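Trainee: Below is the file entry-v2.csv, which contains CSV, C-alpha atoms.
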chain,number,residue,atom,x,y,z
N,2,MET,CA,11.6,-18.6,4.7
N,3,THR,CA,10.3,-17.0,7.8
N,4,ALA,CA,7.2,-18.1,9.7
N,5,VAL,CA,5.3,-15.0,8.8
N,6,ALA,CA,4.8,-14.1,5.1
N,7,THR,CA,6.3,-10.7,4.6
N,8,ILE,CA,6.5,-8.6,1.5
N,9,GLU,CA,9.6,-6.8,0.6
N,10,PRO,CA,9.1,-3.0,1.2
N,11,VAL,CA,9.2,-0.6,-1.6
N,12,ARG,CA,12.6,1.3,-1.3
N,13,LYS,CA,13.5,4.3,-3.3
N,14,HIS,CA,16.1,7.0,-3.1
N,15,VAL,CA,16.8,10.2,-4.9
N,16,ILE,CA,19.6,12.8,-4.8
N,17,ILE,CA,18.3,16.4,-4.8
N,18,GLU,CA,20.3,19.5,-5.4
N,19,ALA,CA,18.9,21.5,-2.5
N,20,SER,CA,19.6,21.8,1.2
N,21,GLN,CA,18.4,19.3,3.7
N,22,GLU,CA,16.2,21.9,5.3
N,23,ARG,CA,14.7,22.9,2.0
N,24,VAL,CA,14.0,19.3,0.9
N,25,PHE,CA,12.4,18.5,4.2
N,26,GLN,CA,10.2,21.6,3.9
N,27,THR,CA,9.2,20.7,0.3
N,28,PHE,CA,8.3,17.2,1.2
N,29,THR,CA,6.2,18.1,4.2
N,30,ARG,CA,4.9,21.7,4.4
N,31,ASP,CA,4.9,22.1,0.6
N,32,ILE,CA,3.7,18.7,-0.3
N,33,ASP,CA,1.1,20.3,-2.5
N,34,THR,CA,3.8,21.5,-4.9
N,35,TRP,CA,4.8,18.0,-5.9
N,36,TRP,CA,2.1,15.5,-4.9
N,37,PRO,CA,1.2,13.6,-8.1
N,38,ARG,CA,-2.2,14.5,-9.5
N,39,GLN,CA,-1.7,14.3,-13.3
N,40,HIS,CA,-3.5,11.0,-13.5
N,41,HIS,CA,-6.5,12.2,-11.6
N,42,ILE,CA,-9.7,11.2,-13.2
N,43,GLY,CA,-13.4,11.3,-12.3
N,44,THR,CA,-14.9,12.8,-9.1
N,45,SER,CA,-13.9,16.3,-8.1
N,46,PRO,CA,-10.4,17.4,-9.1
N,47,LEU,CA,-7.7,17.5,-6.4
N,48,LYS,CA,-7.2,21.1,-5.2
N,49,ARG,CA,-4.7,20.8,-2.5
N,50,ALA,CA,-2.6,18.1,-0.7
N,51,VAL,CA,-1.9,18.8,3.0
N,52,LEU,CA,0.5,17.3,5.5
N,53,GLU,CA,0.1,18.7,9.0
N,54,PRO,CA,3.7,19.4,10.2
N,55,MET,CA,3.6,17.6,13.6
N,56,ALA,CA,3.5,14.1,15.1
N,57,GLY,CA,-0.1,12.9,14.9
N,58,GLY,CA,-0.8,15.5,12.1
N,59,ARG,CA,-3.3,14.6,9.4
N,60,TRP,CA,-2.3,13.8,5.8
N,61,TYR,CA,-5.2,14.5,3.5
N,62,SER,CA,-6.4,16.1,0.3
N,63,VAL,CA,-8.9,18.8,-0.4
N,64,CYS,CA,-11.0,18.5,-3.6
N,65,GLU,CA,-12.4,21.3,-5.8
N,66,ASP,CA,-15.8,20.6,-4.4
N,67,GLY,CA,-14.5,21.2,-0.9
N,68,SER,CA,-14.6,17.5,0.2
N,69,GLU,CA,-11.6,16.1,2.1
N,70,CYS,CA,-10.2,12.7,1.9
N,71,THR,CA,-7.6,11.2,4.3
N,72,THR,CA,-4.5,9.5,3.1
N,73,GLY,CA,-3.1,8.8,6.6
N,74,ARG,CA,-1.3,10.6,9.3
N,75,VAL,CA,2.2,11.6,10.7
N,76,LEU,CA,3.6,8.9,12.9
N,77,ALA,CA,7.0,10.4,13.6
N,78,TRP,CA,8.2,14.0,13.1
N,79,ASP,CA,11.9,14.7,13.3
N,80,PRO,CA,12.8,17.7,11.1
N,81,PRO,CA,14.8,18.1,9.0
N,82,LYS,CA,16.0,14.5,9.1
N,83,ARG,CA,13.1,12.1,9.1
N,84,VAL,CA,9.4,11.7,8.9
N,85,VAL,CA,7.3,8.6,9.2
N,86,LEU,CA,3.8,8.6,7.7
N,87,ALA,CA,0.9,6.2,7.9
N,88,TRP,CA,-0.4,5.3,4.5
N,89,GLN,CA,-3.9,4.1,5.0
N,90,ILE,CA,-5.3,3.6,1.5
N,91,THR,CA,-6.6,0.1,0.7
N,92,ALA,CA,-6.2,-1.9,-2.4
N,93,GLN,CA,-9.8,-0.8,-3.1
N,94,TRP,CA,-8.6,2.8,-3.1
N,95,GLN,CA,-10.3,3.8,0.1
N,96,TYR,CA,-9.2,5.2,3.4
N,97,ASP,CA,-9.2,2.5,6.1
N,98,PRO,CA,-8.4,3.6,9.7
N,99,ASP,CA,-7.6,0.0,10.5
N,100,LEU,CA,-5.0,-0.4,7.8
N,101,ILE,CA,-1.6,1.1,8.6
N,102,THR,CA,1.3,0.8,6.2
N,103,GLU,CA,4.3,2.9,7.0
N,104,VAL,CA,6.2,5.3,4.8
N,105,GLU,CA,9.5,6.3,6.3
N,106,VAL,CA,11.4,9.1,4.6
N,107,THR,CA,14.9,10.1,5.7
N,108,PHE,CA,16.8,13.2,4.5
N,109,THR,CA,20.6,13.1,4.6
N,110,ALA,CA,22.7,16.1,3.9
N,111,GLU,CA,25.5,15.1,1.5
N,112,GLY,CA,26.6,18.7,1.0
N,113,PRO,CA,25.3,22.2,1.7
N,114,ARG,CA,23.1,22.0,-1.4
N,115,THR,CA,22.8,18.2,-1.9
N,116,THR,CA,20.4,16.0,-0.1
N,117,ARG,CA,19.8,12.3,-0.3
N,118,VAL,CA,16.2,11.2,0.2
N,119,ASP,CA,15.5,7.6,1.1
N,120,LEU,CA,12.0,6.3,1.2
N,121,GLU,CA,10.7,3.0,2.4
N,122,HIS,CA,7.1,2.0,2.1
N,123,ARG,CA,6.7,-1.1,4.4
N,124,ASN,CA,4.1,-3.5,6.0
N,125,LEU,CA,2.7,-4.2,2.6
N,126,GLU,CA,1.8,-7.7,3.7
N,127,ARG,CA,-1.0,-6.0,5.6
N,128,TYR,CA,-2.8,-5.7,2.4
N,129,GLY,CA,-3.5,-9.4,2.8
N,130,VAL,CA,-7.0,-10.3,1.7
N,131,SER,CA,-7.8,-6.9,0.2
N,132,ALA,CA,-4.9,-7.4,-2.2
N,133,VAL,CA,-6.3,-10.7,-3.3
N,134,GLU,CA,-9.6,-8.9,-4.0
N,135,PHE,CA,-7.6,-6.2,-5.8
N,136,ARG,CA,-6.1,-8.8,-8.1
N,137,LYS,CA,-9.5,-10.0,-8.9
N,138,SER,CA,-10.6,-6.5,-9.8
N,139,ILE,CA,-7.6,-6.0,-12.1
N,140,ASP,CA,-8.5,-9.2,-13.9
N,141,ALA,CA,-12.0,-7.9,-14.5
N,142,SER,CA,-10.9,-4.5,-15.6
N,143,GLN,CA,-9.6,-2.4,-18.4
N,144,GLY,CA,-5.9,-2.8,-18.0
N,145,TRP,CA,-3.0,-1.1,-16.2
N,146,GLY,CA,-3.4,2.4,-17.4
N,147,LEU,CA,-6.8,3.0,-15.9
N,148,ILE,CA,-6.0,1.1,-12.7
N,149,LEU,CA,-3.0,3.4,-12.2
N,150,SER,CA,-5.2,6.3,-12.9
N,151,ASN,CA,-7.7,5.2,-10.3
N,152,PHE,CA,-4.9,4.7,-7.8
N,153,ALA,CA,-3.5,8.2,-8.4
N,154,ALA,CA,-7.0,9.6,-8.2
N,155,ALA,CA,-7.7,7.8,-4.9
N,156,VAL,CA,-4.4,8.8,-3.4
N,157,GLY,CA,-5.1,12.4,-4.5
N,158,CYS,CA,-8.7,12.5,-3.9
N,159,GLU,CA,-11.9,10.6,-3.7
N,160,GLU,CA,-15.5,11.3,-3.3
F,20,MET,CA,-1.8,-20.1,-13.0
F,21,ALA,CA,-4.7,-18.7,-11.1
F,22,ASN,CA,-8.1,-18.7,-12.7
F,23,HIS,CA,-9.8,-15.5,-11.8
F,24,SER,CA,-13.3,-16.6,-12.2
F,25,LEU,CA,-12.5,-19.5,-9.9
F,26,ALA,CA,-11.1,-16.9,-7.5
F,27,PHE,CA,-14.3,-15.0,-7.6
F,28,THR,CA,-16.4,-18.1,-6.9
F,29,ALA,CA,-14.0,-19.2,-4.2
F,30,LEU,CA,-14.5,-16.0,-2.3
F,31,GLY,CA,-18.2,-16.1,-2.5
F,32,ASP,CA,-18.4,-18.5,0.4
F,33,PRO,CA,-18.3,-17.0,4.0
F,34,THR,CA,-16.4,-19.8,5.5
F,35,ARG,CA,-13.7,-19.5,2.8
F,36,GLN,CA,-13.6,-15.7,3.4
F,37,LEU,CA,-13.1,-16.4,7.1
F,38,LEU,CA,-10.3,-18.9,6.4
F,39,LEU,CA,-8.6,-16.4,4.1
F,40,GLU,CA,-8.8,-13.6,6.7
F,41,ARG,CA,-7.2,-15.9,9.3
F,42,LEU,CA,-4.4,-16.9,6.9
F,43,ALA,CA,-3.8,-13.2,6.1
F,44,LYS,CA,-2.9,-12.6,9.7
F,45,ARG,CA,-0.6,-15.6,10.0
F,46,PRO,CA,0.3,-18.7,7.9
F,47,MET,CA,-0.8,-21.9,9.7
F,48,PRO,CA,-1.5,-25.6,9.3
F,49,VAL,CA,-5.0,-27.0,8.8
F,50,GLY,CA,-5.5,-28.1,12.4
F,51,LYS,CA,-4.8,-24.7,13.8
F,52,LEU,CA,-7.0,-23.1,11.1
F,53,ALA,CA,-9.9,-25.4,12.0
F,54,ALA,CA,-9.6,-24.7,15.7
F,55,GLY,CA,-12.6,-22.9,17.1
F,56,LEU,CA,-14.6,-23.1,13.9
F,57,LYS,CA,-18.0,-24.7,13.5
F,58,VAL,CA,-16.8,-26.7,10.6
F,59,THR,CA,-15.0,-30.1,10.6
F,60,ARG,CA,-11.4,-30.4,9.8
F,61,PRO,CA,-12.1,-32.3,6.6
F,62,ALA,CA,-14.5,-29.5,5.6
F,63,VAL,CA,-11.7,-27.0,6.2
F,64,SER,CA,-9.4,-29.1,4.0
F,65,GLN,CA,-11.9,-29.1,1.3
F,66,HIS,CA,-12.4,-25.3,1.5
F,67,LEU,CA,-8.6,-24.9,1.4
F,68,LYS,CA,-8.4,-27.0,-1.7
F,69,VAL,CA,-10.9,-24.7,-3.4
F,70,LEU,CA,-8.9,-21.6,-2.3
F,71,TYR,CA,-5.7,-23.3,-3.5
F,72,ASP,CA,-7.1,-24.2,-6.9
F,73,ALA,CA,-8.2,-20.6,-7.3
F,74,GLY,CA,-4.7,-19.4,-6.6
F,75,LEU,CA,-5.7,-17.5,-3.4
F,76,VAL,CA,-3.6,-19.5,-1.0
F,77,SER,CA,-0.3,-21.3,-1.4
F,78,VAL,CA,1.1,-24.1,0.7
F,79,ARG,CA,4.6,-25.1,1.9
F,80,GLN,CA,6.0,-28.1,3.6
F,81,GLN,CA,7.5,-27.5,7.1
F,82,GLY,CA,8.8,-30.8,8.4
F,83,THR,CA,5.8,-33.1,8.4
F,84,ARG,CA,3.3,-30.2,8.4
F,85,ARG,CA,1.8,-28.4,5.5
F,86,ILE,CA,1.5,-24.6,6.2
F,87,TYR,CA,-1.1,-22.6,4.3
F,88,GLN,CA,-0.7,-18.9,3.6
F,89,VAL,CA,-2.3,-16.2,1.5
F,90,ASP,CA,-0.7,-16.3,-1.9
F,91,PRO,CA,1.5,-13.3,-2.0
F,92,LYS,CA,1.1,-12.6,-5.7
F,93,GLY,CA,-1.9,-10.4,-5.2
F,94,ILE,CA,0.2,-8.3,-2.8
F,95,GLU,CA,3.0,-8.2,-5.3
F,96,ILE,CA,0.8,-6.5,-7.8
F,97,MET,CA,-0.2,-3.9,-5.2
F,98,ARG,CA,3.5,-3.5,-4.4
F,99,SER,CA,4.4,-2.9,-8.1
F,100,TYR,CA,1.8,-0.1,-8.2
F,101,LEU,CA,3.3,1.6,-5.2
F,102,ASP,CA,6.7,1.1,-6.6
F,103,ARG,CA,5.8,3.1,-9.7
F,104,PHE,CA,3.8,5.6,-7.7
F,105,TRP,CA,6.8,6.6,-5.6
F,106,ASP,CA,9.1,6.8,-8.6
F,107,ARG,CA,6.8,9.4,-10.0
F,108,ALA,CA,6.3,11.2,-6.7
F,109,LEU,CA,10.0,11.4,-5.9
F,110,ALA,CA,10.8,12.8,-9.4
F,111,ALA,CA,8.2,15.5,-8.8
F,112,LEU,CA,9.7,16.2,-5.3
F,113,LYS,CA,13.1,16.6,-6.8
F,114,ALA,CA,11.8,19.0,-9.4
F,115,ALA,CA,9.9,21.1,-6.8
F,116,ALA,CA,12.7,21.3,-4.3
F,117,GLU,CA,15.3,22.2,-6.9
F,118,THR,CA,13.1,24.9,-8.4
F,119,GLU,CA,12.5,26.5,-5.0
F,120,GLU,CA,16.2,26.4,-4.3
F,121,ASP,CA,16.8,28.4,-7.4
F,122,THR,CA,14.4,31.2,-6.5
Represent the structure from my file as structure tokens, please.
Mentor:
Amino acid sequence: MTAVATIEPVRKHVIIEASQERVFQTFTRDIDTWWPRQHHIGTSPLKRAVLEPMAGGRWYSVCEDGSECTTGRVLAWDPPKRVVLAWQITAQWQYDPDLITEVEVTFTAEGPRTTRVDLEHRNLERYGVSAVEFRKSIDASQGWGLILSNFAAAVGCEE
Amino acid sequence: MANHSLAFTALGDPTRQLLLERLAKRPMPVGKLAAGLKVTRPAVSQHLKVLYDAGLVSVRQQGTRRIYQVDPKGIEIMRSYLDRFWDRALAALKAAAETEEDT
């Protein structure tokens, strides 16, 4: 055991039958075409997800009522191979400028029309106390389905 | 097994909240945790016991010292949500990229 409590990052990969360039573009410039929103409930519906294509760019959503909510920002921009994003949504489903968890996504060409995408969401130990509060809120609540919905809603959009 | 109403009560105290915030930054023994606080070390120990009983902190033995840390279970739940979220997101990414490629 190490001196500092760390939480294993979330790691995912997917093989996509499209060129590296295309997949990178889809992930970044065209994030609105795939960003999950089907569980969106309450508040104003999500209209558009936006990732500004540059280092330091904002990552945010626009709601039907015109309000914007920040998910995070672009920490590293290395098209078409890699992008690192700051995910700054707390366990209470709010944007927090002081919370930075990193999402690193790499795009590897395995063929002219085959791309492997590896995603790592790390620094989850930074949820610390807020995750403890979160666990409390789960206990008091209505179960997994609604919590997940709230999460998707917050990630997509909030008031 | 953590008792959640206990957890709720345990966090209602400002000193215990402060202790938990300190532990969230870094696991540490009681002595270090008490340093610079206006509460006595026995009082800190008592607060830690309340936090421990509520399942908010865990403890491990390192040599002769007992090291306290935020119980990672709360974070594990957060992690499992993100795990599912990214499954769904990447499946949608794949569908979108492959559709665009076809057109």
Trainee: Define the interface residues of chain F facing chain N as those within 6 Å, counting all atoms listed in the file, and report them as a VMD selection string.
Mentor: chain F and resid 43 93 to 94 102 108 111 to 113 116 to 117 120
Trainee: When you draw a straight line from atom CA of F:Trp105 to atom CA of F:Leu75, how long is it in Å?
Mentor: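 So the two atoms, atom CA of F:Trp105 and atom CA of F:Leu75, lie 27.2 Å apart.
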Trainee: For the atom pair atom CA of F:Val89 and atom CA of F:Pro46, what is the interatomic distance in Å to one decimal place?
Mentor: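 Between atom CA of F:Val89 and atom CA of F:Pro46 the gap is 7.3 Å.
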Trainee: Report, in Å to a single decimal, how far apart atom CA of F:Arg35 and atom CA of F:Arg79 are.
Mentor: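 So the two atoms, atom CA of F:Arg79 and atom CA of F:Arg35, lie 19.2 Å apart.
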Trainee: Neighbouring residues of stretch 50-64 of chain F were defined as those with any atom within 10 Å, considering only C-alpha atoms; residues of the same chain fewer than 5 positions away were excluded. Please report them as JSON, numbers by chain.
Mentor: {"F": [34, 35, 37, 38, 39, 41, 42, 45, 69, 70, 84, 86, 87]}
Trainee: Within 12 Å of N:Gly57, counting all atoms listed in the file, which residues show up once you throw out same-chain ones fewer than 2 positions away? Write them as number ranges by chain, please.
Mentor: N: 52-55, 59-60, 73-78, 84-87
